[in-house]
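Dropping protein12.cif in here (mmCIF, N, CA and C atoms):
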```
data_model
#
loop_
_atom_site.label_atom_id
_atom_site.label_comp_id
_atom_site.auth_asym_id
_atom_site.auth_seq_id
_atom_site.Cartn_x
_atom_site.Cartn_y
_atom_site.Cartn_z
N MET A 1 3.16 12.49 18.64
CA MET A 1 2.44 12.36 17.38
C MET A 1 3.13 11.32 16.48
N ASN A 2 4.47 11.26 16.51
CA ASN A 2 5.17 10.26 15.69
C ASN A 2 4.69 8.85 15.98
N THR A 3 4.46 8.55 17.26
CA THR A 3 4.00 7.22 17.65
C THR A 3 2.61 6.95 17.07
N GLN A 4 1.72 7.95 17.13
CA GLN A 4 0.38 7.78 16.56
C GLN A 4 0.45 7.54 15.06
N ILE A 5 1.28 8.29 14.37
CA ILE A 5 1.42 8.14 12.92
C ILE A 5 1.95 6.74 12.59
N GLN A 6 2.96 6.30 13.31
CA GLN A 6 3.51 4.96 13.07
C GLN A 6 2.47 3.88 13.31
N GLU A 7 1.64 4.05 14.34
CA GLU A 7 0.60 3.07 14.63
C GLU A 7 -0.44 3.02 13.51
N VAL A 8 -0.78 4.19 12.96
CA VAL A 8 -1.73 4.25 11.84
C VAL A 8 -1.21 3.44 10.66
N TYR A 9 0.07 3.61 10.33
CA TYR A 9 0.65 2.87 9.20
C TYR A 9 0.68 1.37 9.48
N LYS A 10 0.99 0.98 10.70
CA LYS A 10 1.07 -0.44 11.05
C LYS A 10 -0.28 -1.13 10.98
N THR A 11 -1.35 -0.42 11.33
CA THR A 11 -2.66 -1.06 11.46
C THR A 11 -3.57 -0.88 10.24
N SER A 12 -3.17 -0.09 9.27
CA SER A 12 -4.01 0.15 8.10
C SER A 12 -3.78 -0.93 7.05
N LYS A 13 -4.88 -1.44 6.50
CA LYS A 13 -4.81 -2.51 5.51
C LYS A 13 -4.98 -2.01 4.08
N SER A 14 -5.37 -0.73 3.92
CA SER A 14 -5.57 -0.16 2.59
C SER A 14 -5.28 1.33 2.67
N TYR A 15 -5.08 1.94 1.50
CA TYR A 15 -4.84 3.38 1.50
C TYR A 15 -6.06 4.16 1.99
N PRO A 16 -7.29 3.83 1.58
CA PRO A 16 -8.44 4.56 2.14
C PRO A 16 -8.52 4.46 3.67
N GLU A 17 -8.21 3.28 4.22
CA GLU A 17 -8.20 3.14 5.68
C GLU A 17 -7.10 3.99 6.29
N LEU A 18 -5.93 4.00 5.67
CA LEU A 18 -4.82 4.83 6.15
C LEU A 18 -5.24 6.30 6.19
N VAL A 19 -5.84 6.79 5.11
CA VAL A 19 -6.25 8.18 5.04
C VAL A 19 -7.26 8.50 6.13
N SER A 20 -8.25 7.63 6.33
CA SER A 20 -9.25 7.85 7.38
C SER A 20 -8.60 7.97 8.75
N LYS A 21 -7.65 7.10 9.02
CA LYS A 21 -6.98 7.13 10.32
C LYS A 21 -6.08 8.35 10.46
N LEU A 22 -5.41 8.77 9.39
CA LEU A 22 -4.59 9.98 9.46
C LEU A 22 -5.47 11.20 9.74
N ILE A 23 -6.61 11.28 9.07
CA ILE A 23 -7.55 12.38 9.31
C ILE A 23 -8.01 12.37 10.77
N ALA A 24 -8.30 11.18 11.29
CA ALA A 24 -8.78 11.05 12.66
C ALA A 24 -7.78 11.56 13.70
N ILE A 25 -6.48 11.47 13.40
CA ILE A 25 -5.48 11.97 14.36
C ILE A 25 -5.05 13.40 14.05
N GLY A 26 -5.73 14.05 13.08
CA GLY A 26 -5.50 15.46 12.84
C GLY A 26 -4.56 15.80 11.70
N ILE A 27 -4.21 14.84 10.85
CA ILE A 27 -3.36 15.13 9.70
C ILE A 27 -4.21 15.75 8.60
N GLU A 28 -3.82 16.94 8.13
CA GLU A 28 -4.54 17.60 7.05
C GLU A 28 -3.91 17.36 5.68
N SER A 29 -2.59 17.21 5.68
CA SER A 29 -1.89 16.94 4.42
C SER A 29 -0.50 16.43 4.75
N TYR A 30 0.11 15.83 3.74
CA TYR A 30 1.50 15.43 3.89
C TYR A 30 2.17 15.41 2.53
N THR A 31 3.48 15.61 2.55
CA THR A 31 4.30 15.60 1.34
C THR A 31 5.38 14.54 1.50
N VAL A 32 5.54 13.71 0.46
CA VAL A 32 6.56 12.66 0.47
C VAL A 32 7.63 13.02 -0.56
N ASN A 33 8.87 13.12 -0.13
CA ASN A 33 10.01 13.30 -1.02
C ASN A 33 10.38 11.90 -1.53
N VAL A 34 10.20 11.66 -2.82
CA VAL A 34 10.38 10.32 -3.38
C VAL A 34 11.84 9.88 -3.30
N ALA A 35 12.78 10.79 -3.50
CA ALA A 35 14.19 10.42 -3.48
C ALA A 35 14.62 9.88 -2.12
N THR A 36 14.11 10.48 -1.05
CA THR A 36 14.58 10.14 0.30
C THR A 36 13.55 9.43 1.17
N SER A 37 12.30 9.38 0.72
CA SER A 37 11.17 8.85 1.51
C SER A 37 10.89 9.66 2.77
N THR A 38 11.40 10.88 2.82
CA THR A 38 11.10 11.78 3.94
C THR A 38 9.66 12.26 3.79
N ILE A 39 8.92 12.26 4.90
CA ILE A 39 7.52 12.68 4.88
C ILE A 39 7.33 13.86 5.83
N PHE A 40 6.68 14.91 5.32
CA PHE A 40 6.39 16.11 6.08
C PHE A 40 4.88 16.18 6.29
N TYR A 41 4.43 16.02 7.53
CA TYR A 41 3.01 16.02 7.86
C TYR A 41 2.59 17.39 8.38
N ARG A 42 1.39 17.83 7.99
CA ARG A 42 0.81 19.07 8.48
C ARG A 42 -0.45 18.72 9.27
N LEU A 43 -0.56 19.20 10.50
CA LEU A 43 -1.66 18.87 11.38
C LEU A 43 -2.68 20.00 11.46
N SER A 44 -3.88 19.65 11.89
CA SER A 44 -4.97 20.62 11.97
C SER A 44 -4.71 21.72 13.00
N ASP A 45 -3.86 21.46 13.97
CA ASP A 45 -3.57 22.49 14.98
C ASP A 45 -2.42 23.40 14.58
N GLY A 46 -1.94 23.27 13.33
CA GLY A 46 -0.86 24.11 12.83
C GLY A 46 0.53 23.54 13.04
N LYS A 47 0.63 22.47 13.80
CA LYS A 47 1.93 21.85 14.03
C LYS A 47 2.33 21.03 12.81
N THR A 48 3.60 20.68 12.75
CA THR A 48 4.12 19.83 11.68
C THR A 48 4.96 18.72 12.29
N VAL A 49 5.09 17.63 11.54
CA VAL A 49 5.93 16.50 11.95
C VAL A 49 6.76 16.11 10.74
N LEU A 50 8.05 15.97 10.93
CA LEU A 50 8.96 15.54 9.88
C LEU A 50 9.41 14.12 10.20
N HIS A 51 9.15 13.20 9.28
CA HIS A 51 9.58 11.81 9.45
C HIS A 51 10.64 11.52 8.40
N PRO A 52 11.93 11.48 8.81
CA PRO A 52 12.99 11.24 7.83
C PRO A 52 12.94 9.83 7.27
N GLY A 53 13.23 9.70 5.99
CA GLY A 53 13.32 8.38 5.37
C GLY A 53 14.62 7.73 5.77
N ASN A 54 14.62 6.44 5.89
CA ASN A 54 15.83 5.71 6.27
C ASN A 54 16.26 4.81 5.13
N ILE A 55 16.48 5.43 3.95
CA ILE A 55 16.87 4.67 2.77
C ILE A 55 18.04 5.37 2.08
N ALA A 56 18.73 4.64 1.23
CA ALA A 56 19.69 5.28 0.33
C ALA A 56 18.85 6.05 -0.69
N PRO A 57 19.21 7.28 -1.00
CA PRO A 57 18.38 8.08 -1.93
C PRO A 57 18.19 7.40 -3.28
N ARG A 58 16.95 7.50 -3.78
CA ARG A 58 16.61 6.97 -5.10
C ARG A 58 16.98 8.01 -6.15
N ASN A 59 17.34 7.54 -7.32
CA ASN A 59 17.50 8.43 -8.47
C ASN A 59 16.12 8.68 -9.07
N ILE A 60 15.86 9.92 -9.42
CA ILE A 60 14.59 10.30 -10.03
C ILE A 60 14.83 10.55 -11.51
N ASN A 61 14.01 9.94 -12.35
CA ASN A 61 14.10 10.17 -13.79
C ASN A 61 13.88 11.67 -14.04
N PRO A 62 14.74 12.31 -14.81
CA PRO A 62 14.57 13.75 -15.03
C PRO A 62 13.35 14.11 -15.89
N GLN A 63 12.80 13.14 -16.61
CA GLN A 63 11.63 13.40 -17.45
C GLN A 63 10.38 12.81 -16.81
N PHE A 64 9.41 13.64 -16.49
CA PHE A 64 8.16 13.19 -15.89
C PHE A 64 7.30 12.48 -16.94
N SER A 65 6.73 11.33 -16.57
CA SER A 65 5.82 10.59 -17.45
C SER A 65 4.50 10.38 -16.72
N LYS A 66 3.46 11.05 -17.18
CA LYS A 66 2.13 10.89 -16.60
C LYS A 66 1.65 9.45 -16.75
N ALA A 67 1.84 8.87 -17.92
CA ALA A 67 1.38 7.49 -18.17
C ALA A 67 2.07 6.50 -17.23
N ASP A 68 3.38 6.64 -17.03
CA ASP A 68 4.11 5.73 -16.15
C ASP A 68 3.71 5.95 -14.69
N THR A 69 3.40 7.20 -14.33
CA THR A 69 2.93 7.50 -12.97
C THR A 69 1.60 6.80 -12.71
N ILE A 70 0.67 6.94 -13.65
CA ILE A 70 -0.64 6.31 -13.51
C ILE A 70 -0.49 4.79 -13.43
N GLN A 71 0.38 4.22 -14.25
CA GLN A 71 0.58 2.77 -14.21
C GLN A 71 1.13 2.32 -12.86
N ALA A 72 2.07 3.08 -12.30
CA ALA A 72 2.62 2.74 -10.99
C ALA A 72 1.54 2.80 -9.91
N ILE A 73 0.67 3.79 -9.99
CA ILE A 73 -0.43 3.92 -9.02
C ILE A 73 -1.38 2.73 -9.16
N ARG A 74 -1.79 2.42 -10.37
CA ARG A 74 -2.73 1.31 -10.60
C ARG A 74 -2.14 -0.02 -10.14
N ASP A 75 -0.87 -0.25 -10.45
CA ASP A 75 -0.22 -1.50 -10.02
C ASP A 75 -0.26 -1.62 -8.50
N ASN A 76 -0.02 -0.52 -7.81
CA ASN A 76 -0.05 -0.55 -6.35
C ASN A 76 -1.48 -0.72 -5.83
N GLN A 77 -2.44 -0.03 -6.42
CA GLN A 77 -3.83 -0.16 -6.01
C GLN A 77 -4.35 -1.58 -6.20
N GLN A 78 -3.88 -2.24 -7.25
CA GLN A 78 -4.31 -3.62 -7.54
C GLN A 78 -3.46 -4.65 -6.81
N LYS A 79 -2.60 -4.15 -5.90
CA LYS A 79 -1.74 -5.00 -5.07
C LYS A 79 -0.76 -5.84 -5.88
N LYS A 80 -0.41 -5.34 -7.06
CA LYS A 80 0.62 -5.99 -7.87
C LYS A 80 2.01 -5.61 -7.36
N THR A 81 2.08 -4.47 -6.65
CA THR A 81 3.35 -4.01 -6.10
C THR A 81 3.16 -3.61 -4.64
N ASP A 82 4.24 -3.69 -3.87
CA ASP A 82 4.22 -3.20 -2.50
C ASP A 82 4.65 -1.72 -2.50
N TYR A 83 4.64 -1.10 -1.34
CA TYR A 83 4.95 0.33 -1.26
C TYR A 83 6.38 0.66 -1.71
N PRO A 84 7.40 -0.09 -1.27
CA PRO A 84 8.75 0.22 -1.76
C PRO A 84 8.87 0.14 -3.29
N THR A 85 8.22 -0.85 -3.89
CA THR A 85 8.24 -0.97 -5.35
C THR A 85 7.50 0.20 -5.98
N PHE A 86 6.36 0.58 -5.41
CA PHE A 86 5.62 1.75 -5.87
C PHE A 86 6.51 2.99 -5.87
N MET A 87 7.24 3.19 -4.78
CA MET A 87 8.13 4.36 -4.70
C MET A 87 9.21 4.30 -5.78
N ASN A 88 9.77 3.14 -6.02
CA ASN A 88 10.77 3.00 -7.09
C ASN A 88 10.14 3.27 -8.45
N ASP A 89 8.91 2.78 -8.65
CA ASP A 89 8.23 2.97 -9.93
C ASP A 89 7.91 4.44 -10.20
N ILE A 90 7.46 5.16 -9.18
CA ILE A 90 7.16 6.58 -9.44
C ILE A 90 8.45 7.39 -9.60
N ALA A 91 9.54 6.94 -8.99
CA ALA A 91 10.84 7.59 -9.23
C ALA A 91 11.24 7.41 -10.69
N LEU A 92 11.05 6.20 -11.22
CA LEU A 92 11.34 5.94 -12.63
C LEU A 92 10.43 6.75 -13.55
N ALA A 93 9.22 7.07 -13.05
CA ALA A 93 8.26 7.87 -13.83
C ALA A 93 8.56 9.37 -13.72
N GLY A 94 9.58 9.73 -12.95
CA GLY A 94 9.97 11.14 -12.85
C GLY A 94 9.27 11.94 -11.77
N VAL A 95 8.65 11.26 -10.80
CA VAL A 95 7.98 11.96 -9.70
C VAL A 95 9.01 12.32 -8.64
N HIS A 96 9.14 13.62 -8.36
CA HIS A 96 10.06 14.09 -7.32
C HIS A 96 9.42 14.05 -5.94
N PHE A 97 8.14 14.40 -5.87
CA PHE A 97 7.41 14.32 -4.61
C PHE A 97 5.92 14.21 -4.88
N TYR A 98 5.20 13.77 -3.87
CA TYR A 98 3.75 13.80 -3.99
C TYR A 98 3.15 14.40 -2.74
N GLU A 99 2.03 15.08 -2.95
CA GLU A 99 1.33 15.81 -1.91
C GLU A 99 -0.06 15.21 -1.74
N ALA A 100 -0.38 14.76 -0.53
CA ALA A 100 -1.72 14.25 -0.23
C ALA A 100 -2.47 15.33 0.54
N THR A 101 -3.60 15.77 -0.01
CA THR A 101 -4.45 16.77 0.62
C THR A 101 -5.66 16.05 1.18
N LEU A 102 -5.80 16.04 2.51
CA LEU A 102 -6.81 15.23 3.17
C LEU A 102 -7.97 16.05 3.73
N ILE A 103 -8.01 17.34 3.43
CA ILE A 103 -9.08 18.20 3.93
C ILE A 103 -9.90 18.75 2.76
N GLY A 104 -11.10 19.18 3.06
CA GLY A 104 -11.94 19.80 2.05
C GLY A 104 -12.68 18.80 1.20
N ASP A 105 -13.36 19.33 0.20
CA ASP A 105 -14.17 18.49 -0.70
C ASP A 105 -13.34 17.82 -1.79
N ARG A 106 -12.10 18.25 -1.97
CA ARG A 106 -11.27 17.71 -3.06
C ARG A 106 -10.05 16.98 -2.47
N LYS A 107 -10.31 15.93 -1.71
CA LYS A 107 -9.20 15.14 -1.17
C LYS A 107 -8.50 14.48 -2.35
N ARG A 108 -7.18 14.61 -2.37
CA ARG A 108 -6.45 14.18 -3.56
C ARG A 108 -4.98 13.93 -3.26
N VAL A 109 -4.33 13.29 -4.21
CA VAL A 109 -2.88 13.14 -4.19
C VAL A 109 -2.37 13.72 -5.51
N THR A 110 -1.40 14.61 -5.41
CA THR A 110 -0.81 15.22 -6.59
C THR A 110 0.65 14.76 -6.70
N TYR A 111 0.97 14.13 -7.81
CA TYR A 111 2.32 13.63 -8.09
C TYR A 111 3.02 14.65 -8.96
N ILE A 112 4.19 15.13 -8.52
CA ILE A 112 4.83 16.26 -9.19
C ILE A 112 6.25 15.89 -9.62
N GLY A 113 6.54 16.19 -10.89
CA GLY A 113 7.88 15.97 -11.43
C GLY A 113 8.30 17.18 -12.23
N SER A 114 9.49 17.14 -12.75
CA SER A 114 9.98 18.24 -13.60
C SER A 114 9.19 18.24 -14.90
N GLY A 115 8.46 19.32 -15.12
CA GLY A 115 7.73 19.46 -16.37
C GLY A 115 6.35 18.86 -16.39
N GLY A 116 5.86 18.38 -15.24
CA GLY A 116 4.51 17.83 -15.27
C GLY A 116 4.03 17.38 -13.91
N HIS A 117 2.75 17.04 -13.87
CA HIS A 117 2.15 16.52 -12.65
C HIS A 117 0.91 15.69 -13.00
N TYR A 118 0.47 14.93 -12.04
CA TYR A 118 -0.76 14.15 -12.19
C TYR A 118 -1.50 14.22 -10.87
N GLU A 119 -2.80 14.53 -10.94
CA GLU A 119 -3.62 14.62 -9.73
C GLU A 119 -4.66 13.52 -9.74
N GLU A 120 -4.77 12.82 -8.62
CA GLU A 120 -5.75 11.74 -8.50
C GLU A 120 -6.63 12.04 -7.29
N MET A 121 -7.94 12.08 -7.53
CA MET A 121 -8.88 12.31 -6.45
C MET A 121 -8.97 11.04 -5.60
N LEU A 122 -9.13 11.23 -4.29
CA LEU A 122 -9.28 10.10 -3.39
C LEU A 122 -10.74 9.69 -3.34
N PRO A 123 -11.00 8.43 -3.12
CA PRO A 123 -12.40 8.01 -2.99
C PRO A 123 -13.03 8.69 -1.78
N ALA A 124 -14.35 8.69 -1.70
CA ALA A 124 -15.04 9.33 -0.57
C ALA A 124 -14.50 8.76 0.74
N ILE A 125 -13.91 9.63 1.53
CA ILE A 125 -13.30 9.24 2.80
C ILE A 125 -13.77 10.24 3.84
N GLN A 126 -14.14 9.74 4.97
CA GLN A 126 -14.58 10.62 6.07
C GLN A 126 -13.44 10.89 7.01
#
```
Entire entry expressed as structure tokens:
Amino acid sequence: MNTQIQEVYKTSKSYPELVSKLIAIGIESYTVNVATSTIFYRLSDGKTVLHPGNIAPRNINPQFSKADTIQAIRDNQQKKTDYPTFMNDIALAGVHFYEATLIGDRKRVTYIGSGGHYEEMLPAIQ
């Protein structure tokens, strides 16, 4: 499964495409630890996959900022930033981890920090 997940990331040109491909290989949700970039995937068959981050841990701002989180997301969506910069920006915004829920009618990403969170619905994805 790790090989399939890696291939999905290599071949996806946008986040909606990435989500579609993750769903296609059976990923129902995943959690990203912002400090370490470790990703925990949950599959439709009940199995899980842990992908450790290979970075020096980031410092997370102790105060969560919804406005700064939204700005980091928008900058990345508008291709003003790459993924590593996005991760640094959400760390500065106080996001400790984010959870992507890829099943059901409310596909979403929830960004969670100390004292707050921000939830963003995903566009219609099959």
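Nearest-residue note for Gln6 in chain A: choosing from A:Glu99, A:Thr36, A:Leu22, A:Asn59, the minimum distance belongs to A:Leu22, counting only C-alpha atoms.
Nearest to Tyr41 in chain A of all the residues A:Ser12, A:Gln63, A:Ser29, A:Asn76 is A:Ser29, based on only N, CA and C atoms.
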- Item | DSSP-assigned alpha helix (DSSP H) members of chain A, reported as JSON, numbers by chain | {"A": [2, 3, 4, 5, 6, 7, 8, 9, 10, 11, 15, 16, 17, 18, 19, 20, 21, 22, 23, 24, 66, 67, 68, 69, 70, 71, 72, 73, 74, 75, 76, 77, 83, 84, 85, 86, 87, 88, 89, 90, 91, 92]}
For those residues, write N, CA and C atoms to a file as a compact mmCIF listing (two decimals), in the frame of the given file.
```
# COMPACT_ATOMS: atom_id res chain seq x y z
N ASN A 2 4.47 11.26 16.51
CA ASN A 2 5.17 10.26 15.69
C ASN A 2 4.69 8.85 15.98
N THR A 3 4.46 8.55 17.26
CA THR A 3 4.00 7.22 17.65
C THR A 3 2.61 6.95 17.07
N GLN A 4 1.72 7.95 17.13
CA GLN A 4 0.38 7.78 16.56
C GLN A 4 0.45 7.54 15.06
N ILE A 5 1.28 8.29 14.37
CA ILE A 5 1.42 8.14 12.92
C ILE A 5 1.95 6.74 12.59
N GLN A 6 2.96 6.30 13.31
CA GLN A 6 3.51 4.96 13.07
C GLN A 6 2.47 3.88 13.31
N GLU A 7 1.64 4.05 14.34
CA GLU A 7 0.60 3.07 14.63
C GLU A 7 -0.44 3.02 13.51
N VAL A 8 -0.78 4.19 12.96
CA VAL A 8 -1.73 4.25 11.84
C VAL A 8 -1.21 3.44 10.66
N TYR A 9 0.07 3.61 10.33
CA TYR A 9 0.65 2.87 9.20
C TYR A 9 0.68 1.37 9.48
N LYS A 10 0.99 0.98 10.70
CA LYS A 10 1.07 -0.44 11.05
C LYS A 10 -0.28 -1.13 10.98
N THR A 11 -1.35 -0.42 11.33
CA THR A 11 -2.66 -1.06 11.46
C THR A 11 -3.57 -0.88 10.24
N TYR A 15 -5.08 1.94 1.50
CA TYR A 15 -4.84 3.38 1.50
C TYR A 15 -6.06 4.16 1.99
N PRO A 16 -7.29 3.83 1.58
CA PRO A 16 -8.44 4.56 2.14
C PRO A 16 -8.52 4.46 3.67
N GLU A 17 -8.21 3.28 4.22
CA GLU A 17 -8.20 3.14 5.68
C GLU A 17 -7.10 3.99 6.29
N LEU A 18 -5.93 4.00 5.67
CA LEU A 18 -4.82 4.83 6.15
C LEU A 18 -5.24 6.30 6.19
N VAL A 19 -5.84 6.79 5.11
CA VAL A 19 -6.25 8.18 5.04
C VAL A 19 -7.26 8.50 6.13
N SER A 20 -8.25 7.63 6.33
CA SER A 20 -9.25 7.85 7.38
C SER A 20 -8.60 7.97 8.75
N LYS A 21 -7.65 7.10 9.02
CA LYS A 21 -6.98 7.13 10.32
C LYS A 21 -6.08 8.35 10.46
N LEU A 22 -5.41 8.77 9.39
CA LEU A 22 -4.59 9.98 9.46
C LEU A 22 -5.47 11.20 9.74
N ILE A 23 -6.61 11.28 9.07
CA ILE A 23 -7.55 12.38 9.31
C ILE A 23 -8.01 12.37 10.77
N ALA A 24 -8.30 11.18 11.29
CA ALA A 24 -8.78 11.05 12.66
C ALA A 24 -7.78 11.56 13.70
N LYS A 66 3.46 11.05 -17.18
CA LYS A 66 2.13 10.89 -16.60
C LYS A 66 1.65 9.45 -16.75
N ALA A 67 1.84 8.87 -17.92
CA ALA A 67 1.38 7.49 -18.17
C ALA A 67 2.07 6.50 -17.23
N ASP A 68 3.38 6.64 -17.03
CA ASP A 68 4.11 5.73 -16.15
C ASP A 68 3.71 5.95 -14.69
N THR A 69 3.40 7.20 -14.33
CA THR A 69 2.93 7.50 -12.97
C THR A 69 1.60 6.80 -12.71
N ILE A 70 0.67 6.94 -13.65
CA ILE A 70 -0.64 6.31 -13.51
C ILE A 70 -0.49 4.79 -13.43
N GLN A 71 0.38 4.22 -14.25
CA GLN A 71 0.58 2.77 -14.21
C GLN A 71 1.13 2.32 -12.86
N ALA A 72 2.07 3.08 -12.30
CA ALA A 72 2.62 2.74 -10.99
C ALA A 72 1.54 2.80 -9.91
N ILE A 73 0.67 3.79 -9.99
CA ILE A 73 -0.43 3.92 -9.02
C ILE A 73 -1.38 2.73 -9.16
N ARG A 74 -1.79 2.42 -10.37
CA ARG A 74 -2.73 1.31 -10.60
C ARG A 74 -2.14 -0.02 -10.14
N ASP A 75 -0.87 -0.25 -10.45
CA ASP A 75 -0.22 -1.50 -10.02
C ASP A 75 -0.26 -1.62 -8.50
N ASN A 76 -0.02 -0.52 -7.81
CA ASN A 76 -0.05 -0.55 -6.35
C ASN A 76 -1.48 -0.72 -5.83
N GLN A 77 -2.44 -0.03 -6.42
CA GLN A 77 -3.83 -0.16 -6.01
C GLN A 77 -4.35 -1.58 -6.20
N TYR A 83 4.64 -1.10 -1.34
CA TYR A 83 4.95 0.33 -1.26
C TYR A 83 6.38 0.66 -1.71
N PRO A 84 7.40 -0.09 -1.27
CA PRO A 84 8.75 0.22 -1.76
C PRO A 84 8.87 0.14 -3.29
N THR A 85 8.22 -0.85 -3.89
CA THR A 85 8.24 -0.97 -5.35
C THR A 85 7.50 0.20 -5.98
N PHE A 86 6.36 0.58 -5.41
CA PHE A 86 5.62 1.75 -5.87
C PHE A 86 6.51 2.99 -5.87
N MET A 87 7.24 3.19 -4.78
CA MET A 87 8.13 4.36 -4.70
C MET A 87 9.21 4.30 -5.78
N ASN A 88 9.77 3.14 -6.02
CA ASN A 88 10.77 3.00 -7.09
C ASN A 88 10.14 3.27 -8.45
N ASP A 89 8.91 2.78 -8.65
CA ASP A 89 8.23 2.97 -9.93
C ASP A 89 7.91 4.44 -10.20
N ILE A 90 7.46 5.16 -9.18
CA ILE A 90 7.16 6.58 -9.44
C ILE A 90 8.45 7.39 -9.60
N ALA A 91 9.54 6.94 -8.99
CA ALA A 91 10.84 7.59 -9.23
C ALA A 91 11.24 7.41 -10.69
N LEU A 92 11.05 6.20 -11.22
CA LEU A 92 11.34 5.94 -12.63
C LEU A 92 10.43 6.75 -13.55
```
- Pick out the residues sitting within 8 Å of Lys107 in chain A, and hand them over as a list in words; count all atoms listed in the file, and ignore anything fewer than 6 positions along from it in its own chain.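 Final neighbour list, sorted by chain and number: Ala100, Thr101, Glu120, Met121, Leu122, Pro123 and Ile125 of chain A.
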- Of the candidates A:Ile103, A:Thr3, A:Ala67, A:Thr110, which one gets nearest to Glu28 in chain A if we count only C-alpha atoms?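 Using only C-alpha atoms, Glu28 in chain A sits closest to A:Ile103.
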- Task: List the residues selected by the PyMOL selection byres ((chain A and resi 68) around 8) in the file shown, writing them as a PyMOL selection string.
- Result: chain A and resi 64-67+69-74+89-90+92-94
- Can you list every residue in chain A that DSSP puts in strand (DSSP E), as a ChimeraX atom specification? /A:27-33,38-43,48-51,95-101,108-113,116-121
